[in-house]
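Structure data (compact mmCIF, C-alpha atoms and all ligand atoms) from start-v7.txt:
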# COMPACT_ATOMS: atom_id res chain seq x y z
CA MET A 1 0.00 0.00 0.00
CA ASN A 2 1.22 3.48 -0.78
CA HIS A 3 1.23 5.69 2.30
CA SER A 4 2.39 8.87 0.60
CA ALA A 5 -0.65 11.13 0.71
CA ARG A 6 -2.17 12.53 -2.41
CA ILE A 7 -1.08 16.15 -2.62
CA THR A 8 -3.76 18.32 -4.17
CA ALA A 9 -2.77 20.30 -7.27
CA ARG A 10 -3.00 23.67 -5.53
CA THR A 11 -2.51 23.65 -1.80
CA CYS A 12 -2.33 26.08 1.09
CA ARG A 13 1.45 25.80 1.25
CA ASP A 14 2.03 28.71 -1.09
CA ALA A 15 -1.14 30.63 -0.27
CA PRO A 16 -0.58 34.25 0.76
CA VAL A 17 -0.75 34.78 4.52
CA LEU A 18 -2.98 37.53 5.92
CA ARG A 19 -0.95 39.09 8.74
CA GLN A 20 -2.75 41.35 11.19
CA ARG A 21 -1.68 42.89 14.47
CA GLY A 22 -4.19 44.34 16.85
CA GLN A 23 -6.08 43.34 19.97
CA ARG A 24 -5.62 39.59 20.63
CA GLU A 25 -7.86 37.26 22.63
CA VAL A 26 -5.64 34.44 23.88
CA PHE A 27 -4.48 32.98 27.18
CA CYS A 28 -0.86 33.54 28.19
CA GLY A 29 1.96 30.97 28.31
CA LEU A 30 1.48 30.31 32.03
CA THR A 31 -1.43 28.06 31.01
CA GLY A 32 1.03 25.39 29.85
CA ILE A 33 2.01 24.76 33.48
CA ILE A 34 -1.37 23.03 33.93
CA TRP A 35 -0.35 20.10 31.74
CA LEU A 36 3.43 20.32 32.15
CA HIS A 37 3.38 19.90 35.94
CA ARG A 38 1.40 16.67 35.52
CA LYS A 39 3.94 15.37 33.06
CA MET A 40 7.17 16.16 34.93
CA GLN A 41 6.79 14.50 38.27
CA ASP A 42 9.84 15.92 40.05
CA ALA A 43 9.61 19.44 38.65
CA PHE A 44 8.24 22.59 40.23
CA PHE A 45 7.08 25.67 38.35
CA LEU A 46 7.61 28.87 40.32
CA VAL A 47 5.87 31.74 38.55
CA VAL A 48 7.42 35.09 39.37
CA GLY A 49 4.38 37.24 38.88
CA SER A 50 1.39 39.08 40.25
CA ARG A 51 -1.77 38.02 42.06
CA THR A 52 -3.45 37.91 38.63
CA CYS A 53 -0.98 35.22 37.53
CA ALA A 54 -1.64 33.27 40.75
CA HIS A 55 -5.41 33.50 40.19
CA LEU A 56 -5.10 32.28 36.60
CA LEU A 57 -3.18 29.21 37.69
CA GLN A 58 -5.32 28.51 40.72
CA SER A 59 -8.58 28.70 38.82
CA ALA A 60 -7.33 26.78 35.79
CA ALA A 61 -5.84 24.00 37.92
CA GLY A 62 -8.30 24.18 40.80
CA VAL A 63 -8.42 20.42 41.24
CA MET A 64 -4.87 20.52 42.54
CA ILE A 65 -5.70 22.42 45.72
CA PHE A 66 -6.23 19.09 47.51
CA ALA A 67 -2.81 17.74 46.54
CA GLU A 68 0.74 18.96 47.13
CA PRO A 69 0.98 21.18 44.04
CA ARG A 70 3.97 21.30 41.74
CA PHE A 71 3.51 24.94 40.89
CA GLY A 72 3.24 28.18 42.82
CA THR A 73 3.61 31.93 42.47
CA ALA A 74 6.23 34.17 44.03
CA ILE A 75 4.12 37.31 44.18
CA LEU A 76 5.76 40.55 43.17
CA GLU A 77 4.50 43.18 45.61
CA GLU A 78 4.21 46.88 44.98
CA GLY A 79 7.66 47.48 46.47
CA ASP A 80 9.22 45.06 43.98
CA LEU A 81 7.37 46.62 41.08
CA ALA A 82 8.50 50.11 42.12
CA GLY A 83 12.10 48.92 42.40
CA MET A 84 12.10 49.60 46.14
CA ALA A 85 13.11 46.09 47.15
CA ASP A 86 15.73 43.73 45.80
CA ALA A 87 13.55 41.21 44.03
CA HIS A 88 16.54 38.88 43.55
CA ASP A 89 17.12 38.62 47.33
CA GLU A 90 13.44 37.88 47.89
CA LEU A 91 13.42 35.28 45.14
CA ASP A 92 16.46 33.55 46.66
CA ARG A 93 14.68 33.41 50.02
CA GLU A 94 11.50 31.96 48.44
CA VAL A 95 13.49 29.31 46.57
CA ALA A 96 15.42 28.35 49.71
CA ARG A 97 12.14 27.97 51.66
CA LEU A 98 10.57 25.91 48.85
CA LEU A 99 13.50 23.53 48.35
CA ASP A 100 13.88 23.06 52.07
CA ARG A 101 10.22 22.09 52.40
CA ARG A 102 10.10 19.97 49.22
CA PRO A 103 13.14 17.68 48.96
CA ASP A 104 11.39 15.79 46.10
CA ILE A 105 11.99 18.67 43.67
CA ARG A 106 14.75 17.97 41.15
CA GLN A 107 13.97 20.58 38.51
CA LEU A 108 12.87 24.08 39.33
CA PHE A 109 11.53 26.34 36.59
CA LEU A 110 11.48 30.07 37.30
CA VAL A 111 8.66 31.21 35.04
CA GLY A 112 8.61 34.84 33.96
CA SER A 113 5.33 36.77 33.64
CA CYS A 114 4.15 40.14 32.35
CA PRO A 115 5.07 41.93 35.64
CA SER A 116 8.53 40.32 35.89
CA GLU A 117 9.21 41.31 32.27
CA VAL A 118 7.99 44.85 32.79
CA ILE A 119 10.41 45.38 35.69
CA LYS A 120 13.08 43.51 33.70
CA LEU A 121 13.79 40.97 36.40
CA ASP A 122 16.63 38.90 34.99
CA LEU A 123 15.43 35.34 35.68
CA ALA A 124 18.16 33.81 33.50
CA ARG A 125 20.75 35.27 35.86
CA ALA A 126 18.73 34.11 38.86
CA ALA A 127 18.52 30.56 37.45
CA GLU A 128 22.29 30.47 36.90
CA ARG A 129 22.98 31.73 40.42
CA LEU A 130 20.54 29.30 42.01
CA THR A 131 21.84 26.34 39.99
CA GLN A 132 25.29 27.02 41.46
CA VAL A 133 23.79 26.91 44.93
CA TYR A 134 21.59 23.82 44.53
CA ALA A 135 23.34 21.63 41.88
CA PRO A 136 23.56 18.71 41.53
CA ARG A 137 20.43 18.02 43.60
CA VAL A 138 18.27 20.56 41.77
CA ARG A 139 18.61 22.04 38.32
CA VAL A 140 17.16 25.54 38.05
CA LEU A 141 15.98 26.73 34.63
CA ASN A 142 13.93 29.67 33.47
CA TYR A 143 11.53 30.62 30.71
CA SER A 144 8.87 33.22 30.06
CA GLY A 145 5.13 32.55 30.16
CA SER A 146 4.31 36.23 29.81
CA GLY A 147 1.20 37.10 27.86
CA ILE A 148 2.72 40.28 26.41
CA GLU A 149 3.77 38.60 23.19
CA THR A 150 2.95 34.92 23.56
CA THR A 151 -0.03 32.63 23.25
CA PHE A 152 -0.85 29.83 25.66
CA THR A 153 0.79 26.88 23.94
CA GLN A 154 4.05 28.80 23.60
CA GLY A 155 4.59 28.26 27.32
CA GLU A 156 5.31 24.61 26.60
CA ASP A 157 7.61 25.54 23.73
CA ALA A 158 9.55 27.97 25.92
CA CYS A 159 9.76 25.41 28.75
CA LEU A 160 11.08 22.59 26.56
CA ALA A 161 13.49 24.93 24.77
CA SER A 162 14.92 25.99 28.15
CA MET A 163 15.70 22.33 28.90
CA VAL A 164 17.56 21.56 25.68
CA PRO A 165 20.91 23.25 26.46
CA ALA A 166 21.05 21.31 29.75
CA LEU A 167 20.48 17.88 28.14
CA PRO A 168 23.53 15.62 28.25
CA ALA A 169 25.50 15.11 25.01
CA SER A 170 24.99 11.75 23.31
CA ASP A 171 26.31 10.01 20.20
CA MET A 172 23.66 7.30 20.27
CA ARG A 173 21.27 6.93 17.38
CA GLU A 174 17.96 7.45 19.15
CA LEU A 175 14.48 8.62 18.28
CA LEU A 176 13.33 11.52 20.40
CA LEU A 177 9.59 12.27 20.61
CA VAL A 178 9.16 15.95 21.44
CA GLY A 179 6.06 17.35 23.14
CA ALA A 180 4.08 16.73 26.33
CA LEU A 181 1.23 14.27 25.73
CA PRO A 182 -0.89 12.41 28.28
CA GLU A 183 0.93 9.22 29.25
CA VAL A 184 -1.67 6.88 27.79
CA VAL A 185 -1.40 8.53 24.37
CA GLU A 186 2.39 8.66 24.44
CA ASP A 187 2.41 4.95 25.32
CA GLN A 188 0.30 4.15 22.25
CA ALA A 189 2.81 5.86 19.96
CA ILE A 190 5.78 4.17 21.62
CA SER A 191 4.05 0.80 21.44
CA LEU A 192 3.31 1.10 17.69
CA LEU A 193 6.87 2.23 16.92
CA GLY A 194 8.32 -0.46 19.17
CA LYS A 195 6.35 -3.16 17.32
CA MET A 196 7.98 -1.95 14.09
CA GLY A 197 11.40 -2.30 15.66
CA VAL A 198 12.06 1.45 15.93
CA GLY A 199 14.23 2.38 18.89
CA PRO A 200 15.64 3.31 21.30
CA ILE A 201 12.85 5.84 21.85
CA ARG A 202 13.18 8.73 24.30
CA VAL A 203 10.75 11.52 25.15
CA LEU A 204 11.08 15.21 25.92
CA PRO A 205 9.94 16.10 28.50
CA ALA A 206 10.77 12.93 30.41
CA PRO A 207 8.66 12.17 33.51
CA ARG A 208 11.71 12.53 35.80
CA SER A 209 14.89 14.57 35.51
CA ALA A 210 17.06 11.44 35.83
CA GLU A 211 15.43 10.11 32.63
CA MET A 212 16.11 13.18 30.52
CA PRO A 213 17.33 12.15 27.05
CA GLY A 214 20.77 12.82 25.65
CA VAL A 215 21.06 14.72 22.38
CA GLY A 216 23.65 14.92 19.61
CA PRO A 217 24.27 14.53 15.88
CA ASN A 218 22.83 11.00 15.81
CA THR A 219 19.57 12.04 17.44
CA VAL A 220 16.56 12.19 15.16
CA PHE A 221 13.41 13.71 16.53
CA ALA A 222 9.73 13.91 15.65
CA CYS A 223 7.46 16.62 17.00
CA LEU A 224 4.13 15.75 18.56
CA GLN A 225 2.86 19.33 18.59
CA PRO A 226 3.02 22.03 15.93
CA PHE A 227 3.85 24.85 18.36
CA LEU A 228 7.39 23.80 19.27
CA GLY A 229 9.37 26.03 16.88
CA THR A 230 11.83 27.32 19.49
CA THR A 231 12.45 23.82 20.85
CA VAL A 232 13.08 22.53 17.33
CA ALA A 233 15.66 25.28 16.74
CA ALA A 234 17.36 24.47 20.07
CA LEU A 235 17.55 20.74 19.23
CA GLN A 236 18.91 21.49 15.77
CA ASN A 237 21.56 23.70 17.42
CA ARG A 238 22.64 20.61 19.34
CA GLY A 239 23.04 18.72 16.03
CA ALA A 240 19.77 16.73 16.14
CA ARG A 241 17.77 16.25 12.92
CA MET A 242 14.01 16.59 12.59
CA ILE A 243 11.81 14.05 10.81
CA ARG A 244 9.29 16.14 8.89
CA ALA A 245 5.73 14.86 8.62
CA PRO A 246 2.12 15.96 9.05
CA PHE A 247 1.07 15.89 12.71
CA PRO A 248 -0.53 12.71 14.11
CA PHE A 249 -4.16 13.85 14.14
CA GLY A 250 -6.69 11.51 12.57
CA GLU A 251 -6.02 8.30 10.68
CA GLU A 252 -4.19 9.92 7.80
CA GLY A 253 -2.01 12.23 9.89
CA THR A 254 -1.06 9.41 12.26
CA THR A 255 -0.22 7.06 9.39
CA LEU A 256 1.93 9.65 7.62
CA TRP A 257 3.69 10.60 10.87
CA LEU A 258 4.45 6.96 11.68
CA LYS A 259 5.47 6.26 8.09
CA ALA A 260 8.02 9.11 8.07
CA ILE A 261 9.64 7.63 11.20
CA ALA A 262 9.42 4.09 9.79
CA ASN A 263 11.24 5.24 6.64
CA GLU A 264 13.98 6.89 8.72
CA PHE A 265 14.50 3.58 10.56
CA SER A 266 14.23 1.42 7.37
CA VAL A 267 11.09 -0.42 8.47
CA ASP A 268 9.81 -2.50 5.54
CA ASP A 269 6.29 -1.96 4.13
CA ALA A 270 5.02 -5.38 5.23
CA THR A 271 5.95 -4.72 8.86
CA PHE A 272 4.44 -1.25 8.75
CA GLU A 273 1.25 -2.67 7.31
CA ARG A 274 1.05 -5.48 9.86
CA VAL A 275 1.47 -3.11 12.82
CA THR A 276 -0.86 -0.35 11.65
CA VAL A 277 -3.68 -2.07 9.78
CA ALA A 278 -5.90 -2.83 12.79
CA PRO A 279 -5.68 0.53 14.58
CA ARG A 280 -6.00 2.32 11.23
CA THR A 281 -9.23 0.49 10.49
CA ARG A 282 -10.56 1.28 13.98
CA ALA A 283 -9.67 4.95 13.50
CA ARG A 284 -11.42 5.17 10.12
CA THR A 285 -14.57 3.57 11.51
CA ALA A 286 -14.58 5.85 14.55
CA ILE A 287 -14.08 8.95 12.39
CA THR A 288 -16.86 7.92 10.00
CA ASN A 289 -19.25 7.44 12.91
CA ALA A 290 -18.33 10.70 14.62
CA SER A 291 -18.09 12.95 11.57
CA ALA A 292 -21.42 12.42 9.76
CA VAL A 293 -22.74 15.75 11.05
CA LEU A 294 -19.53 17.55 9.95
CA ARG A 295 -19.72 16.67 6.23
CA GLY A 296 -20.30 19.72 4.06
CA LYS A 297 -20.17 22.12 7.03
CA SER A 298 -17.94 25.20 7.09
CA ILE A 299 -15.41 25.99 9.81
CA PHE A 300 -13.57 29.15 10.83
CA PHE A 301 -10.54 28.95 13.15
CA MET A 302 -9.66 32.01 15.21
CA PRO A 303 -5.96 31.98 16.20
CA ASP A 304 -5.54 30.33 19.59
CA SER A 305 -4.05 26.87 20.21
CA GLN A 306 -1.57 26.82 17.28
CA LEU A 307 -3.06 23.44 16.33
CA GLU A 308 -5.25 25.10 13.71
CA ILE A 309 -3.42 24.07 10.53
CA PRO A 310 -3.06 20.32 11.26
CA LEU A 311 -6.63 20.20 12.59
CA THR A 312 -7.94 21.82 9.41
CA ARG A 313 -6.13 19.19 7.39
CA PHE A 314 -7.89 16.51 9.43
CA LEU A 315 -11.33 18.14 9.25
CA VAL A 316 -11.16 18.88 5.52
CA ARG A 317 -9.66 15.59 4.33
CA GLU A 318 -11.10 13.09 6.80
CA CYS A 319 -14.35 14.71 7.94
CA GLY A 320 -15.47 16.48 4.75
CA MET A 321 -15.57 20.02 6.19
CA GLU A 322 -14.94 23.23 4.25
CA ALA A 323 -12.41 25.61 5.83
CA ILE A 324 -13.14 29.32 5.46
CA GLU A 325 -10.27 30.80 7.49
CA ILE A 326 -7.39 29.13 9.32
CA GLY A 327 -6.08 31.58 11.90
CA GLN A 328 -2.88 30.80 13.83
CA PRO A 329 -1.16 33.07 16.35
CA TYR A 330 2.23 32.24 14.75
CA ILE A 331 2.96 30.03 11.78
CA HIS A 332 6.13 27.92 11.94
CA LYS A 333 6.34 27.06 8.25
CA GLY A 334 9.11 24.53 8.84
CA LEU A 335 6.77 22.57 11.10
CA VAL A 336 3.39 22.86 9.39
CA ASP A 337 4.35 22.81 5.70
CA PRO A 338 3.62 19.06 5.39
CA ASP A 339 0.09 19.75 6.66
CA LEU A 340 -0.35 22.84 4.46
CA ASP A 341 0.69 20.68 1.49
CA LEU A 342 -2.36 18.51 2.05
CA ILE A 343 -5.00 21.25 2.40
CA PRO A 344 -6.54 22.27 -0.94
CA ALA A 345 -6.12 25.99 -1.72
CA GLY A 346 -9.13 28.10 -0.85
CA PRO A 347 -9.28 29.09 2.83
CA VAL A 348 -7.75 32.33 4.09
CA ILE A 349 -4.57 31.61 6.05
CA SER A 350 -4.12 34.27 8.71
CA GLU A 351 -1.35 34.85 11.24
CA GLY A 352 -1.78 37.02 14.32
CA GLN A 353 -5.02 38.78 15.15
CA ASP A 354 -6.92 42.01 15.03
CA VAL A 355 -9.96 40.62 16.77
CA ASP A 356 -12.50 43.23 15.60
CA LEU A 357 -11.56 42.77 11.94
CA GLN A 358 -11.68 39.00 12.34
CA LEU A 359 -15.12 39.16 13.99
CA ASP A 360 -16.31 41.25 11.02
CA ARG A 361 -15.15 38.47 8.68
CA ILE A 362 -16.95 35.85 10.77
CA ARG A 363 -20.21 37.84 10.77
CA ALA A 364 -19.96 38.27 6.99
CA VAL A 365 -19.63 34.53 6.26
CA ARG A 366 -21.47 33.05 9.28
CA PRO A 367 -19.61 29.71 9.35
CA ASP A 368 -21.36 26.59 10.63
CA LEU A 369 -18.68 26.26 13.34
CA THR A 370 -16.24 28.80 14.80
CA VAL A 371 -13.28 27.62 16.91
CA CYS A 372 -12.28 30.37 19.33
CA GLY A 373 -11.19 31.26 22.86
CA LEU A 374 -13.45 31.07 25.91
CA GLY A 375 -14.07 34.81 26.04
CA LEU A 376 -15.44 34.99 22.51
CA ALA A 377 -17.54 31.83 22.48
CA ASN A 378 -20.63 32.93 24.39
CA PRO A 379 -20.94 36.35 22.68
CA LEU A 380 -20.77 34.57 19.31
CA GLU A 381 -23.33 31.99 20.47
CA ALA A 382 -25.57 34.91 21.45
CA GLU A 383 -25.34 36.07 17.83
CA GLY A 384 -26.59 32.66 16.69
CA LEU A 385 -23.19 31.22 15.74
CA THR A 386 -22.03 27.80 16.87
CA THR A 387 -18.65 27.67 18.60
CA LYS A 388 -16.01 25.32 19.95
CA TRP A 389 -13.52 26.25 22.66
CA ALA A 390 -10.00 25.98 21.29
CA ILE A 391 -8.50 25.24 24.71
CA GLU A 392 -10.41 21.93 24.91
CA LEU A 393 -8.32 20.67 21.99
CA VAL A 394 -5.19 20.98 24.11
CA PHE A 395 -6.64 19.51 27.31
CA THR A 396 -8.27 16.50 25.61
CA PRO A 397 -6.25 13.51 24.34
CA VAL A 398 -6.61 13.88 20.54
CA HIS A 399 -3.42 12.43 19.01
CA PHE A 400 -3.00 9.07 17.23
CA TYR A 401 -5.37 6.37 16.01
CA GLU A 402 -7.30 5.52 19.16
CA GLN A 403 -8.29 9.15 19.77
CA ALA A 404 -9.20 9.98 16.13
CA GLY A 405 -12.93 9.38 16.67
CA ASP A 406 -12.90 11.52 19.84
CA LEU A 407 -11.20 14.31 17.89
CA ALA A 408 -13.97 14.31 15.27
CA GLY A 409 -16.49 14.10 18.12
CA LEU A 410 -15.13 17.29 19.71
CA PHE A 411 -16.15 19.20 16.58
CA SER A 412 -19.44 17.41 15.92
CA ARG A 413 -20.79 17.86 19.47
CA PRO A 414 -21.51 21.62 19.20
CA LEU A 415 -23.26 21.09 15.86
CA ARG A 416 -25.42 18.34 17.35
CA ARG A 417 -26.19 20.54 20.32
CA ARG A 418 -27.18 23.35 17.95
CA ASP A 419 -29.59 21.02 16.16
CA LEU A 420 -31.13 19.94 19.45
CA LEU A 421 -31.63 23.57 20.50
CA LYS A 422 -33.37 24.57 17.27
CA PRO A 423 -36.85 25.93 18.06
CA GLU A 424 -38.63 23.01 16.36
CA ALA A 425 -36.54 20.52 18.39
CA ALA A 426 -36.95 22.49 21.58
CA GLY A 427 -40.75 22.19 21.65
CA PRO A 428 -42.67 24.86 23.53
CA PHE A 429 -39.63 26.44 25.26
CA PRO A 430 -38.17 29.75 24.00
CA GLU A 431 -34.97 29.65 21.95
CA THR A 432 -31.76 29.85 24.00
CA HIS A 433 -28.53 30.93 22.39
CA ALA A 434 -25.96 31.54 25.09
CA VAL A 435 -25.43 28.15 26.65
CA ALA A 436 -23.24 26.87 29.40
CA ARG A 437 -20.86 24.21 28.11
S1 LIG B 501 1.59 36.40 32.78
FE1 LIG B 501 0.54 38.29 32.16
S2 LIG B 501 -1.27 37.62 31.00
FE2 LIG B 501 -0.52 35.84 32.19
S3 LIG B 501 -1.72 35.91 34.12
FE3 LIG B 501 0.24 36.99 34.49
S4 LIG B 501 -0.25 39.16 34.08
FE4 LIG B 501 -1.91 37.94 33.14

Starting from the coordinates I provided, produce the structure as structure tokens.
Amino acid sequence: MNHSARITARTCRDAPVLRQRGQREVFCGLTGIIWLHRKMQDAFFLVVGSRTCAHLLQSAAGVMIFAEPRFGTAILEEGDLAGMADAHDELDREVARLLDRRPDIRQLFLVGSCPSEVIKLDLARAAERLTQVYAPRVRVLNYSGSGIETTFTQGEDACLASMVPALPASDMRELLLVGALPEVVEDQAISLLGKMGVGPIRVLPAPRSAEMPGVGPNTVFACLQPFLGTTVAALQNRGARMIRAPFPFGEEGTTLWLKAIANEFSVDDATFERVTVAPRTRARTAITNASAVLRGKSIFFMPDSQLEIPLTRFLVRECGMEAIEIGQPYIHKGLVDPDLDLIPAGPVISEGQDVDLQLDRIRAVRPDLTVCGLGLANPLEAEGLTTKWAIELVFTPVHFYEQAGDLAGLFSRPLRRRDLLKPEAAGPFPETHAVAR
């Protein structure tokens, strides 16, 4: 069987990109801590920020208040912000208190925020100084999760990129999977690749600091997420080579992603077929069942999760949707070109956001489904539009074969709900637009 995808005559790869800069409606990079702290079990994320930053984290990760959390906020008080106190001394005291109380911490991330950037608190210098104090027991790194210029998935990119220079050097030929996925999903990928004979396989981030992978000129890596541009550059600086492929969303994306790795490791076609045929069939069936309501419907992506381009490829090619606009906060062409290659030309590709202009475009075309941030969803629903929260796509396991049906289901659910709420379906009750989700 030929696994090279059919590339449409004219694709989105060379389409002009509409670039706009104006008011943006996205979460900041601190949001990534919610899934990163679950993944790295001996890490701690210390946000150096304001009470607003602390509230964001606390409300987004509220379930953690009953456990010993692996994140916290060192609050910058007015005196710090006015330059009246030495914020470095206070930070050193906070870190000493934390590490004394929590001997399980092996990696400490100092996470910058809007306030720490505004007062130009040099967290890189602080991380260097604190590493000298606490190495080798604790490695202290830093990155920025500030919302001034970043969107929420860039927090993960910045975090992983900060780890790369500290990874040990290695000459081993290894496959590195890059990106934080739920364990169960990561295990599926490793299991499929292992059955093909691909290995050794390492992951970044590893669950524990002692298991961090080595990196060097014989490392080849495959990205699991399309928002890891800075991490990719850092790995390439260490001599590693990227395997380019569409991202593993849906049956087709997963097959092409696995096939690119299989080719790199000289897996023969018969083995590839034997390992993938059953899960591929399950994925196709699940997608067919979940996507009936999506066929022929139009979709508009506002820029948010940075998953927009690969997801459009999945929705257009495997679920029969028509894309009107694919908005991304930032487009890393080197990462998403294989996906753009597979999307037929037609939709507007936009990078960045001027939210009022984008809302005008949405109102003009009235798509069947709009994917957007939390703050925009209910106002758009009140205007009679059907929406999907972009952030759910990051918090829900959606990669690889076994999740392909769930991925289609995430998009079909709001359309089904809309049909159920239509006046004729709703019986004698008045029409309701703004709905709790
Ligand atoms: S980093 Fe900036 S955008 Fe994020 S919660 Fe703190 S102040 Fe708000």

If you count all atoms listed in the file, which residues end up within 7 Å of ligand LIG 501 (chain B), as a ChimeraX atom specification? /A:27-30,49-50,52-53,56,113-115,145-148

Which of these residues is nearest to Gly179 of chain A, using all atoms listed in the file: A:Glu308, A:Asp157, A:Glu381, A:Asp354?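 Of A:Glu308, A:Asp157, A:Glu381, A:Asp354, the one nearest Gly179 of chain A is A:Asp157, counting all atoms listed in the file.
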
Shell around Met163 of chain A at 12 Å using only C-alpha atoms, local window under 5 positions removed, as JSON, numbers by chain: {"A": [43, 107, 108, 109, 139, 140, 141, 142, 143, 156, 157, 158, 168, 178, 204, 205, 206, 209, 212, 213, 214, 215, 230, 231, 232, 234, 235, 238]}

Can you spit out the residues from that selection as an mmCIF file, in the coordinates of the input, using C-alpha atoms?
data_model
loop_
_atom_site.group_PDB
_atom_site.id
_atom_site.type_symbol
_atom_site.label_atom_id
_atom_site.label_comp_id
_atom_site.auth_asym_id
_atom_site.auth_seq_id
_atom_site.Cartn_x
_atom_site.Cartn_y
_atom_site.Cartn_z
ATOM 1 C CA ALA A 43 9.610 19.440 38.650
ATOM 2 C CA GLN A 107 13.970 20.580 38.510
ATOM 3 C CA LEU A 108 12.870 24.080 39.330
ATOM 4 C CA PHE A 109 11.530 26.340 36.590
ATOM 5 C CA ARG A 139 18.610 22.040 38.320
ATOM 6 C CA VAL A 140 17.160 25.540 38.050
ATOM 7 C CA LEU A 141 15.980 26.730 34.630
ATOM 8 C CA ASN A 142 13.930 29.670 33.470
ATOM 9 C CA TYR A 143 11.530 30.620 30.710
ATOM 10 C CA GLU A 156 5.310 24.610 26.600
ATOM 11 C CA ASP A 157 7.610 25.540 23.730
ATOM 12 C CA ALA A 158 9.550 27.970 25.920
ATOM 13 C CA PRO A 168 23.530 15.620 28.250
ATOM 14 C CA VAL A 178 9.160 15.950 21.440
ATOM 15 C CA LEU A 204 11.080 15.210 25.920
ATOM 16 C CA PRO A 205 9.940 16.100 28.500
ATOM 17 C CA ALA A 206 10.770 12.930 30.410
ATOM 18 C CA SER A 209 14.890 14.570 35.510
ATOM 19 C CA MET A 212 16.110 13.180 30.520
ATOM 20 C CA PRO A 213 17.330 12.150 27.050
ATOM 21 C CA GLY A 214 20.770 12.820 25.650
ATOM 22 C CA VAL A 215 21.060 14.720 22.380
ATOM 23 C CA THR A 230 11.830 27.320 19.490
ATOM 24 C CA THR A 231 12.450 23.820 20.850
ATOM 25 C CA VAL A 232 13.080 22.530 17.330
ATOM 26 C CA ALA A 234 17.360 24.470 20.070
ATOM 27 C CA LEU A 235 17.550 20.740 19.230
ATOM 28 C CA ARG A 238 22.640 20.610 19.340
#

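Distances from A:Ile362, A:Val26, A:Ile343, A:Cys159 to Gln328 of chain A were compared using only C-alpha atoms, and the smallest one belongs to A:Val26.
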
Would you write out, as a tab-separated table, a table of all residues in segment 281-397 of chain A that have an atom no more than 12 Å from an atom of segment 407-425 of chain A, listing for each the closest atom pair and the distance in Å to one decimal, considering all atoms listed in the file and ordering rows by chain and rising residue number?
residue	atom	partner	partner_atom	distance
A:Ala283	CA	A:Leu407	CA	10.5
A:Arg284	CA	A:Ala408	CA	10.8
A:Thr285	CA	A:Ala408	CA	11.4
A:Ala286	CA	A:Ala408	CA	8.5
A:Ile287	CA	A:Ala408	CA	6.1
A:Thr288	CA	A:Ala408	CA	8.8
A:Asn289	CA	A:Gly409	CA	8.9
A:Ala290	CA	A:Gly409	CA	5.2
A:Ser291	CA	A:Ala408	CA	5.7
A:Ala292	CA	A:Ser412	CA	8.2
A:Val293	CA	A:Ser412	CA	6.1
A:Leu294	CA	A:Ser412	CA	6.0
A:Arg295	CA	A:Ser412	CA	9.7
A:Lys297	CA	A:Leu415	CA	9.4
A:Ser298	CA	A:Leu415	CA	11.1
A:Ile299	CA	A:Phe411	CA	9.6
A:Phe300	CA	A:Phe411	CA	11.8
A:Phe301	CA	A:Phe411	CA	11.8
A:Leu311	CA	A:Leu407	CA	9.1
A:Thr312	CA	A:Phe411	CA	11.2
A:Phe314	CA	A:Ala408	CA	8.7
A:Leu315	CA	A:Ala408	CA	7.6
A:Val316	CA	A:Ala408	CA	11.1
A:Arg317	CA	A:Ala408	CA	11.8
A:Glu318	CA	A:Ala408	CA	9.0
A:Cys319	CA	A:Ala408	CA	7.4
A:Gly320	CA	A:Ala408	CA	10.8
A:Met321	CA	A:Phe411	CA	10.4
A:Pro367	CA	A:Leu415	CA	11.4
A:Asp368	CA	A:Leu415	CA	7.8
A:Leu369	CA	A:Leu415	CA	7.4
A:Thr370	CA	A:Phe411	CA	9.8
A:Val371	CA	A:Phe411	CA	8.9
A:Ala377	CA	A:Pro414	CA	11.4
A:Glu381	CA	A:Arg418	CA	9.8
A:Gly384	CA	A:Arg418	CA	9.4
A:Leu385	CA	A:Arg418	CA	9.1
A:Thr386	CA	A:Pro414	CA	6.6
A:Thr387	CA	A:Pro414	CA	6.7
A:Lys388	CA	A:Pro414	CA	6.7
A:Trp389	CA	A:Leu410	CA	9.6
A:Ala390	CA	A:Leu410	CA	10.2
A:Ile391	CA	A:Leu410	CA	11.5
A:Glu392	CA	A:Leu410	CA	8.4
A:Leu393	CA	A:Leu410	CA	7.9
A:Val394	CA	A:Leu407	CA	10.9
A:Phe395	CA	A:Leu410	CA	11.6
A:Thr396	CA	A:Leu407	CA	8.5
A:Pro397	CA	A:Leu407	CA	8.2

Pick out the residues sitting within 12 Å of Asp122 of chain A, and hand them over as JSON, numbers by chain; count all atoms listed in the file, and ignore anything fewer than 3 positions along from it in its own chain. {"A": [48, 86, 87, 88, 91, 110, 111, 112, 113, 115, 116, 117, 118, 119, 125, 126, 127, 128, 129, 142, 143, 144]}

Box for segment 214-232 of chain A - axis-aligned, 4 Å on each of the six sides, all listed atoms - centre and size in Å to one decimal, as lines of an AutoDock Vina configuration file.
center_x = 13.6
center_y = 19.2
center_z = 20.4
size_x = 29.4
size_y = 24.3
size_z = 18.5

Set the distance at 9 Å and use all atoms listed in the file: which residues neighbour Leu335 of chain A once local chain neighbours fewer than 5 positions away are removed? I'd like the list as a list in words.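 So, after excluding close chain neighbours, the residues are Cys223, Pro226, Phe227, Leu228, Gly229, Val232, Arg244, Ala245, Pro246 and Phe247 of chain A.
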
Nearest to Val336 of chain A, restricted to only C-alpha atoms and choosing among A:Arg10, A:Arg313, A:Arg97, A:Arg21, comes out as A:Arg313

Near-segment 270-275 of chain A list (12 Å; all atoms listed in the file; drop same-chain fewer than 2 positions) as a ChimeraX atom specification: /A:1-3,188-189,191-198,255-256,258-263,265-268,277-281
